[in-house]
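Just input26.json here, JSON, C-alpha atoms:
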[["chain", "number", "residue", "atom", "x", "y", "z"],
["P", 15, "GLU", "CA", -7.69, 0.88, -25.05],
["P", 16, "ALA", "CA", -8.55, 0.14, -28.69],
["P", 17, "SER", "CA", -6.92, -3.30, -28.51],
["P", 18, "VAL", "CA", -9.32, -4.42, -25.77],
["P", 19, "GLY", "CA", -12.64, -2.58, -25.87],
["P", 20, "GLY", "CA", -12.55, -0.74, -29.19],
["P", 21, "GLY", "CA", -14.15, 2.59, -28.30],
["P", 22, "ILE", "CA", -15.00, 1.52, -24.73],
["P", 23, "PRO", "CA", -12.66, 2.91, -22.05],
["P", 24, "ILE", "CA", -11.73, 0.01, -19.77],
["P", 25, "ILE", "CA", -7.96, -0.01, -19.17],
["P", 26, "ARG", "CA", -7.80, 3.41, -17.49],
["P", 27, "PRO", "CA", -10.86, 2.76, -15.27],
["P", 28, "LEU", "CA", -9.31, -0.52, -14.12],
["P", 29, "HIS", "CA", -5.97, 1.18, -13.50],
["P", 30, "THR", "CA", -7.15, 4.39, -11.84],
["P", 31, "CYS", "CA", -10.70, 3.96, -10.49],
["P", 32, "LEU", "CA", -10.71, 0.35, -9.31],
["P", 33, "THR", "CA", -7.22, -0.01, -7.87],
["P", 34, "ALA", "CA", -8.65, -0.48, -4.35],
["P", 35, "ASP", "CA", -10.66, -3.51, -5.46],
["P", 36, "VAL", "CA", -9.72, -7.11, -6.00],
["P", 37, "ILE", "CA", -11.38, -7.82, -9.34],
["P", 38, "GLU", "CA", -13.26, -11.07, -8.87],
["P", 39, "GLU", "CA", -14.70, -11.28, -12.37],
["P", 40, "ILE", "CA", -14.47, -9.70, -15.79],
["P", 41, "SER", "CA", -16.96, -10.97, -18.36],
["P", 42, "GLY", "CA", -17.36, -9.38, -21.72],
["P", 43, "ILE", "CA", -18.86, -9.37, -25.16],
["P", 44, "LEU", "CA", -15.56, -8.34, -26.71],
["P", 45, "ASN", "CA", -16.09, -8.95, -30.40],
["P", 46, "GLY", "CA", -18.53, -6.83, -32.39],
["P", 47, "THR", "CA", -18.50, -9.10, -35.45],
["P", 48, "THR", "CA", -19.74, -12.21, -33.65],
["P", 49, "ASN", "CA", -22.22, -10.22, -31.58],
["P", 50, "TYR", "CA", -23.68, -8.76, -34.78],
["P", 51, "MET", "CA", -23.91, -12.25, -36.30],
["P", 52, "LEU", "CA", -25.63, -13.80, -33.26],
["P", 53, "THR", "CA", -28.03, -10.85, -33.03],
["P", 54, "LYS", "CA", -28.99, -11.26, -36.69],
["P", 55, "MET", "CA", -29.42, -15.02, -36.31],
["P", 56, "SER", "CA", -31.77, -14.43, -33.39],
["P", 57, "ALA", "CA", -33.75, -11.57, -34.95],
["P", 58, "GLU", "CA", -34.14, -12.98, -38.46],
["P", 59, "GLY", "CA", -33.77, -16.74, -38.08],
["P", 60, "ALA", "CA", -30.86, -16.69, -40.53],
["P", 61, "ASP", "CA", -28.24, -19.41, -40.40],
["P", 62, "TYR", "CA", -24.52, -19.02, -39.71],
["P", 63, "ALA", "CA", -23.41, -18.98, -43.37],
["P", 64, "GLU", "CA", -25.95, -16.27, -44.26],
["P", 65, "VAL", "CA", -25.02, -13.93, -41.43],
["P", 66, "LEU", "CA", -21.29, -14.40, -42.01],
["P", 67, "LYS", "CA", -21.68, -13.36, -45.65],
["P", 68, "ASP", "CA", -23.77, -10.37, -44.58],
["P", 69, "ALA", "CA", -21.17, -9.34, -41.98],
["P", 70, "GLN", "CA", -18.42, -9.57, -44.61],
["P", 71, "ASN", "CA", -20.44, -7.50, -47.10],
["P", 72, "LYS", "CA", -20.91, -4.78, -44.45],
["P", 73, "GLY", "CA", -17.24, -4.75, -43.52],
["P", 74, "TYR", "CA", -17.77, -6.15, -40.02],
["P", 75, "ALA", "CA", -16.04, -9.46, -40.78],
["P", 76, "GLU", "CA", -12.72, -9.97, -42.55],
["P", 77, "ARG", "CA", -12.40, -12.08, -45.68],
["P", 78, "ASN", "CA", -10.75, -14.62, -43.39],
["P", 79, "PRO", "CA", -12.97, -14.32, -40.27],
["P", 80, "GLU", "CA", -11.25, -17.05, -38.23],
["P", 81, "ALA", "CA", -9.91, -14.78, -35.45],
["P", 82, "ASP", "CA", -13.45, -13.52, -34.78],
["P", 83, "VAL", "CA", -15.68, -16.54, -35.31],
["P", 84, "GLU", "CA", -13.35, -19.03, -33.59],
["P", 85, "GLY", "CA", -13.05, -16.78, -30.54],
["P", 86, "HIS", "CA", -9.31, -15.99, -30.81],
["P", 87, "ASP", "CA", -9.89, -12.21, -30.79],
["P", 88, "PRO", "CA", -11.84, -12.11, -27.50],
["P", 89, "ALA", "CA", -9.35, -14.61, -26.03],
["P", 90, "ARG", "CA", -6.52, -12.15, -26.66],
["P", 91, "LYS", "CA", -8.57, -9.33, -25.13],
["P", 92, "ILE", "CA", -9.54, -11.19, -21.96],
["P", 93, "ALA", "CA", -5.88, -12.25, -21.61],
["P", 94, "ILE", "CA", -4.83, -8.57, -21.62],
["P", 95, "LEU", "CA", -7.53, -7.61, -19.11],
["P", 96, "THR", "CA", -6.64, -10.47, -16.76],
["P", 97, "SER", "CA", -2.93, -9.60, -16.99],
["P", 98, "LEU", "CA", -3.76, -6.00, -16.05],
["P", 99, "ILE", "CA", -5.81, -6.90, -12.97],
["P", 100, "THR", "CA", -3.39, -9.55, -11.68],
["P", 101, "GLY", "CA", -0.02, -8.07, -12.65],
["P", 102, "LYS", "CA", 1.00, -11.41, -14.15],
["P", 103, "LYS", "CA", 1.33, -12.65, -17.71],
["P", 104, "VAL", "CA", -1.58, -14.50, -19.32],
["P", 105, "ASP", "CA", -0.89, -16.25, -22.62],
["P", 106, "PHE", "CA", -4.06, -16.29, -24.72],
["P", 107, "GLU", "CA", -3.01, -19.66, -26.16],
["P", 108, "ASP", "CA", -3.55, -21.16, -22.69],
["P", 109, "ILE", "CA", -7.19, -20.05, -22.64],
["P", 110, "TYR", "CA", -9.94, -22.57, -23.39],
["P", 111, "CYS", "CA", -11.69, -21.20, -26.45],
["P", 112, "GLU", "CA", -14.78, -22.05, -28.53],
["P", 113, "GLY", "CA", -16.24, -19.87, -31.28],
["P", 114, "ILE", "CA", -19.70, -19.51, -32.80],
["P", 115, "THR", "CA", -19.24, -21.66, -35.90],
["P", 116, "LYS", "CA", -21.33, -24.49, -34.44],
["P", 117, "VAL", "CA", -24.22, -22.31, -33.22],
["P", 118, "THR", "CA", -27.31, -23.13, -35.30],
["P", 119, "THR", "CA", -30.78, -21.74, -35.88],
["P", 120, "GLU", "CA", -32.08, -24.67, -33.81],
["P", 121, "ASP", "CA", -29.91, -23.57, -30.86],
["P", 122, "ILE", "CA", -31.34, -20.07, -31.22],
["P", 123, "ALA", "CA", -34.90, -21.47, -31.25],
["P", 124, "TYR", "CA", -34.30, -23.35, -28.00],
["P", 125, "ALA", "CA", -32.75, -20.26, -26.40],
["P", 126, "LYS", "CA", -35.82, -18.18, -27.31],
["P", 127, "LYS", "CA", -38.12, -20.85, -25.88],
["P", 128, "LEU", "CA", -36.15, -20.67, -22.63],
["P", 129, "GLY", "CA", -36.18, -16.85, -22.62],
["P", 130, "LEU", "CA", -32.40, -16.76, -23.04],
["P", 131, "SER", "CA", -30.01, -15.15, -25.52],
["P", 132, "ILE", "CA", -26.79, -16.65, -26.90],
["P", 133, "LYS", "CA", -23.64, -14.52, -26.66],
["P", 134, "LEU", "CA", -19.96, -15.24, -27.27],
["P", 135, "LEU", "CA", -18.69, -14.55, -23.75],
["P", 136, "ALA", "CA", -15.10, -14.06, -22.61],
["P", 137, "THR", "CA", -15.00, -14.70, -18.87],
["P", 138, "SER", "CA", -12.26, -14.41, -16.26],
["P", 139, "LYS", "CA", -13.27, -15.42, -12.72],
["P", 140, "LYS", "CA", -11.19, -15.57, -9.55],
["P", 141, "ILE", "CA", -11.37, -18.99, -7.91],
["P", 142, "GLY", "CA", -9.24, -19.03, -4.77],
["P", 143, "ASP", "CA", -5.75, -17.98, -5.81],
["P", 144, "GLN", "CA", -6.33, -18.80, -9.47],
["P", 145, "TYR", "CA", -8.35, -17.41, -12.35],
["P", 146, "SER", "CA", -10.61, -19.45, -14.59],
["P", 147, "ILE", "CA", -10.62, -18.01, -18.11],
["P", 148, "MET", "CA", -12.84, -19.25, -20.95],
["P", 149, "VAL", "CA", -14.22, -17.98, -24.25],
["P", 150, "THR", "CA", -17.40, -19.84, -25.21],
["P", 151, "PRO", "CA", -20.93, -19.25, -26.47],
["P", 152, "LYS", "CA", -23.24, -18.94, -23.47],
["P", 153, "MET", "CA", -26.97, -18.70, -22.93],
["P", 154, "LEU", "CA", -27.77, -15.70, -20.74],
["P", 155, "GLY", "CA", -30.99, -14.92, -18.86],
["P", 156, "ALA", "CA", -32.74, -11.54, -18.91],
["P", 157, "ALA", "CA", -31.34, -10.69, -15.46],
["P", 158, "HIS", "CA", -27.75, -10.88, -16.73],
["P", 159, "PRO", "CA", -26.29, -7.43, -17.53],
["P", 160, "LEU", "CA", -25.00, -8.63, -20.93],
["P", 161, "PHE", "CA", -28.32, -10.19, -22.04],
["P", 162, "ALA", "CA", -29.49, -7.21, -24.12],
["P", 163, "VAL", "CA", -26.15, -6.16, -25.64],
["P", 164, "ASN", "CA", -26.87, -6.52, -29.36],
["P", 165, "ASP", "CA", -25.62, -5.69, -32.84],
["P", 166, "VAL", "CA", -21.98, -4.51, -33.08],
["P", 167, "PHE", "CA", -21.97, -3.16, -29.54],
["P", 168, "ASN", "CA", -19.64, -4.57, -26.92],
["P", 169, "ALA", "CA", -19.87, -4.53, -23.14],
["P", 170, "ILE", "CA", -17.60, -5.45, -20.26],
["P", 171, "PHE", "CA", -18.98, -6.50, -16.86],
["P", 172, "VAL", "CA", -16.62, -6.03, -13.90],
["P", 173, "LYS", "CA", -17.17, -7.32, -10.36],
["P", 174, "GLY", "CA", -14.96, -5.94, -7.58],
["P", 175, "ASN", "CA", -14.83, -7.16, -4.00],
["P", 176, "MET", "CA", -15.80, -3.67, -2.73],
["P", 177, "LEU", "CA", -17.46, -1.88, -5.66],
["P", 178, "GLY", "CA", -19.61, -4.84, -6.59],
["P", 179, "ASP", "CA", -20.96, -4.88, -10.15],
["P", 180, "SER", "CA", -20.21, -2.30, -12.83],
["P", 181, "MET", "CA", -20.66, -2.23, -16.60],
["P", 182, "PHE", "CA", -18.83, -0.59, -19.49],
["P", 183, "TYR", "CA", -20.83, -0.40, -22.72],
["P", 184, "GLY", "CA", -20.30, 1.12, -26.16],
["P", 185, "SER", "CA", -19.08, 0.67, -29.71],
["P", 186, "GLY", "CA", -16.58, -2.14, -29.78],
["P", 187, "ALA", "CA", -15.35, -1.48, -33.29],
["P", 188, "GLY", "CA", -15.47, 1.00, -36.16],
["P", 189, "LYS", "CA", -13.00, 3.59, -37.37],
["P", 190, "LEU", "CA", -14.31, 6.53, -35.32],
["P", 191, "PRO", "CA", -14.67, 4.74, -31.95],
["P", 192, "THR", "CA", -11.24, 3.16, -32.46],
["P", 193, "ALA", "CA", -9.74, 6.53, -33.42],
["P", 194, "SER", "CA", -11.24, 8.02, -30.25],
["P", 195, "ALA", "CA", -9.56, 5.34, -28.13],
["P", 196, "VAL", "CA", -6.20, 5.78, -29.87],
["P", 197, "ALA", "CA", -6.36, 9.58, -29.50],
["P", 198, "GLY", "CA", -7.12, 9.13, -25.79],
["P", 199, "ASP", "CA", -4.04, 6.91, -25.41],
["P", 200, "ILE", "CA", -1.87, 9.53, -27.15],
["P", 201, "VAL", "CA", -3.13, 12.27, -24.84],
["P", 202, "GLU", "CA", -2.55, 10.04, -21.80],
["P", 203, "ALA", "CA", 1.01, 9.29, -22.96],
["P", 204, "ALA", "CA", 1.71, 13.00, -23.50],
["P", 205, "LYS", "CA", 0.49, 13.87, -19.99],
["P", 206, "VAL", "CA", 2.56, 11.23, -18.17],
["P", 207, "THR", "CA", 6.24, 11.55, -17.34],
["P", 208, "GLY", "CA", 7.87, 8.17, -16.88],
["P", 209, "ASN", "CA", 6.07, 4.82, -16.62],
["P", 210, "THR", "CA", 2.27, 4.88, -16.67],
["P", 211, "GLY", "CA", 2.11, 1.77, -14.49],
["P", 212, "HIS", "CA", 0.22, -0.26, -17.11],
["P", 213, "PHE", "CA", 2.34, -3.38, -16.97],
["P", 214, "TRP", "CA", 2.63, -6.94, -15.76],
["P", 215, "THR", "CA", 5.54, -9.20, -14.90],
["P", 216, "GLU", "CA", 6.81, -12.12, -16.95],
["P", 217, "GLU", "CA", 5.58, -14.49, -14.25],
["P", 218, "LYS", "CA", 2.73, -16.54, -15.73],
["P", 219, "LEU", "CA", -0.60, -16.53, -13.95],
["P", 220, "ALA", "CA", -1.73, -19.97, -12.80],
["P", 221, "LEU", "CA", -5.03, -20.68, -14.53],
["P", 222, "ALA", "CA", -7.62, -22.93, -12.95],
["P", 223, "ASP", "CA", -8.17, -26.30, -14.63],
["P", 224, "ILE", "CA", -11.41, -25.87, -16.60],
["P", 225, "SER", "CA", -12.50, -29.37, -15.56],
["P", 226, "THR", "CA", -13.24, -27.87, -12.10],
["P", 227, "VAL", "CA", -15.29, -24.92, -13.43],
["P", 228, "GLU", "CA", -19.04, -25.11, -12.75],
["P", 229, "ASN", "CA", -21.79, -24.28, -15.24],
["P", 230, "LYS", "CA", -25.23, -25.34, -16.23],
["P", 231, "PHE", "CA", -25.33, -26.98, -19.66],
["P", 232, "PHE", "CA", -27.98, -26.89, -22.37],
["P", 233, "VAL", "CA", -27.96, -30.16, -24.30],
["P", 234, "ARG", "CA", -29.67, -31.24, -27.52],
["P", 235, "THR", "CA", -29.92, -34.95, -28.25],
["P", 236, "SER", "CA", -31.71, -37.47, -30.44],
["P", 237, "ALA", "CA", -31.96, -39.80, -27.44],
["P", 238, "SER", "CA", -35.18, -40.29, -25.50],
["P", 239, "ALA", "CA", -36.22, -38.34, -22.43],
["P", 240, "GLU", "CA", -35.79, -41.47, -20.30],
["P", 241, "GLU", "CA", -32.21, -41.96, -21.55],
["P", 242, "ALA", "CA", -31.43, -38.28, -20.84],
["P", 243, "LYS", "CA", -32.69, -38.64, -17.27],
["P", 244, "VAL", "CA", -30.65, -41.78, -16.71],
["P", 245, "ALA", "CA", -27.51, -39.94, -17.80],
["P", 246, "PHE", "CA", -28.12, -36.49, -16.26],
["P", 247, "GLY", "CA", -30.71, -36.96, -13.52],
["P", 248, "ASP", "CA", -34.20, -35.54, -13.32],
["P", 249, "VAL", "CA", -33.92, -32.85, -16.02],
["P", 250, "CYS", "CA", -36.89, -30.99, -17.51],
["P", 251, "VAL", "CA", -37.07, -32.07, -21.15],
["P", 252, "MET", "CA", -38.24, -29.88, -24.06],
["P", 253, "ASN", "CA", -39.61, -31.90, -26.98],
["P", 254, "ASP", "CA", -41.67, -29.31, -28.86],
["P", 255, "VAL", "CA", -38.98, -27.12, -30.47],
["P", 256, "VAL", "CA", -37.28, -29.33, -33.09],
["P", 257, "ALA", "CA", -38.70, -32.57, -34.46],
["P", 258, "ASP", "CA", -37.05, -35.88, -33.56],
["P", 259, "GLU", "CA", -34.92, -34.49, -30.75],
["P", 260, "ILE", "CA", -35.12, -33.12, -27.23],
["P", 261, "GLY", "CA", -33.37, -30.37, -25.31],
["P", 262, "PHE", "CA", -32.75, -29.85, -21.61],
["P", 263, "VAL", "CA", -30.73, -27.77, -19.13],
["P", 264, "THR", "CA", -28.69, -29.59, -16.51],
["P", 265, "GLU", "CA", -28.19, -28.61, -12.89],
["P", 266, "LYS", "CA", -24.95, -26.74, -12.17],
["P", 267, "MET", "CA", -22.04, -29.16, -12.41],
["P", 268, "THR", "CA", -18.33, -29.14, -13.16],
["P", 269, "GLU", "CA", -17.00, -29.55, -16.67],
["P", 270, "ALA", "CA", -15.60, -32.91, -15.63],
["P", 271, "ALA", "CA", -18.98, -34.06, -14.31],
["P", 272, "TYR", "CA", -20.69, -32.95, -17.53],
["P", 273, "LYS", "CA", -18.21, -34.93, -19.61],
["P", 274, "GLU", "CA", -18.81, -38.01, -17.47],
["P", 275, "CYS", "CA", -22.60, -37.72, -17.87],
["P", 276, "ALA", "CA", -22.35, -36.99, -21.60],
["P", 277, "GLU", "CA", -20.40, -40.19, -22.14],
["P", 278, "LYS", "CA", -23.46, -42.10, -20.89],
["P", 279, "LEU", "CA", -25.81, -40.50, -23.43],
["P", 280, "ASN", "CA", -25.76, -41.36, -27.11],
["P", 281, "GLY", "CA", -26.95, -38.96, -29.79],
["P", 282, "ILE", "CA", -25.82, -35.61, -28.36],
["P", 283, "ILE", "CA", -26.22, -33.03, -31.12],
["P", 284, "SER", "CA", -24.84, -29.94, -29.39],
["P", 285, "MET", "CA", -24.07, -28.37, -26.03],
["P", 286, "ILE", "CA", -24.02, -24.71, -24.96],
["P", 287, "ARG", "CA", -23.15, -23.53, -21.47],
["P", 288, "VAL", "CA", -25.74, -21.57, -19.49],
["P", 289, "GLU", "CA", -24.67, -18.67, -17.26],
["P", 290, "GLY", "CA", -26.21, -18.60, -13.80]]
What does the file become when written as structure tokens?
Amino acid sequence: EASVGGGIPIIRPLHTCLTADVIEEISGILNGTTNYMLTKMSAEGADYAEVLKDAQNKGYAERNPEADVEGHDPARKIAILTSLITGKKVDFEDIYCEGITKVTTEDIAYAKKLGLSIKLLATSKKIGDQYSIMVTPKMLGAAHPLFAVNDVFNAIFVKGNMLGDSMFYGSGAGKLPTASAVAGDIVEAAKVTGNTGHFWTEEKLALADISTVENKFFVRTSASAEEAKVAFGDVCVMNDVVADEIGFVTEKMTEAAYKECAEKLNGIISMIRVEG
């Protein structure tokens, strides 16, 4: 349990309570360090370097924070969760992964203007017979169950084909929550004779090509509104957040379609995917 959700029980619920369901989606804020940093950036207007130093001073971030801030830690966790629900091996190195190192105070300002919050989201979605797995910053609306998960807290959203939506929320890190999870595993091991059934085969799960995955995209660019509309269609442009640039949200499109449109537009400063 501690290796996936910190103090949040998630493995046993998936294994015992949701065995009748086909899990269609698991999305989670699975790293307390980055969630703390993004929360502080949003609340205080601090930049990435400031909040990283603060997180290190408070013991939330390691001296070398790469595994957290580059998204490798949540990638490993979503790989474990997907392996558990499919019974097949998922190699975290096969997962498309972006961290939070490029998220800026300007991105946060646009998100606030749109009524959205930026979270580092690990997502595994069933698409036909395959699963699409990504770890990326995403802008979430207030209706999303993970929108208001702040500070060092983590949360895992699970969608089953019969249960529907459910949410697991709690402390994702810290010595006492982690100790609680470890103690629970020890008790579980002591109670079970033989194999607990928590396993997967060596057969690798076929992952969906991310080029086919659909999202909306928030784009910042130094190009004009007219140039943005030529490249992306009739988008609603924001020009009153940061001087000498514009921002806009695209319609839902595939990753491949976004790349094709982006190649037509010069001056793109940044892009963040939008959930929903």
Please provide as a ChimeraX atom specification all residues within 9 Å of Tyr110 (chain P), with the sequence filter that same-chain residues fewer than 2 positions apart are discarded (counting all atoms listed in the file). /P:89,106-108,112,147-150,224
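Computed from the coordinates, the CA of Glu64 (chain P) to CA of Arg287 (chain P) distance equals 24.1 Å.
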Nearby residues (only C-alpha atoms) at most 12 Å from Leu28 (chain P), same-chain spacing under 3 positions excluded, as a count of residues only: 30
Taking into account only C-alpha atoms, which residue in the set P:Asp121, P:Glu38, P:Thr207, P:Lys127 is nearest to Ile283 (chain P)? P:Asp121
Mind pulling up the distance from CA of Glu277 (chain P) to CA of Phe232 (chain P)?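 Calculated distance between CA of Phe232 (chain P) and CA of Glu277 (chain P) is 15.3 Å.
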Find the residues near Glu274 (chain P): any atom within 12 Å, counting only C-alpha atoms, skip ones fewer than 6 places away on the same chain, and give them as a VMD selection string. chain P and resid 225 245 to 246 267 to 268
Sorted by chain and rising residue number, list the residues of region 91-195 of chain P at most 12 Å from region 263-266 of chain P (counting all atoms listed in the file), each with its closest atom pair and distance in Å to one decimal, as JSON lines.
{"residue": "P:Tyr124", "atom": "CA", "partner": "P:Val263", "partner_atom": "CA", "distance": 10.5}
{"residue": "P:Ala125", "atom": "CA", "partner": "P:Val263", "partner_atom": "CA", "distance": 10.6}
{"residue": "P:Leu128", "atom": "CA", "partner": "P:Val263", "partner_atom": "CA", "distance": 9.6}
{"residue": "P:Leu130", "atom": "CA", "partner": "P:Val263", "partner_atom": "CA", "distance": 11.8}
{"residue": "P:Met153", "atom": "CA", "partner": "P:Val263", "partner_atom": "CA", "distance": 10.5}
Which one is closest to Leu221 (chain P): P:Lys140, P:Lys54, P:Lys116, P:Lys67? Count all atoms listed in the file.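 Of the candidates, the smallest distance to Leu221 (chain P) is held by P:Lys140.
Between CA of Val206 (chain P) and CA of Arg26 (chain P) lies a distance of 13.0 Å.
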If we count only C-alpha atoms and set the cut-off at 8 Å, which residues sit around region 254-259 of chain P, ignoring sequence neighbours fewer than 4 positions away in its own chain? Please answer as a list in words. Glu120, Ala123, Tyr124, Lys127, Arg234, Thr235, Ser236, Ala237 and Ser238 of chain P
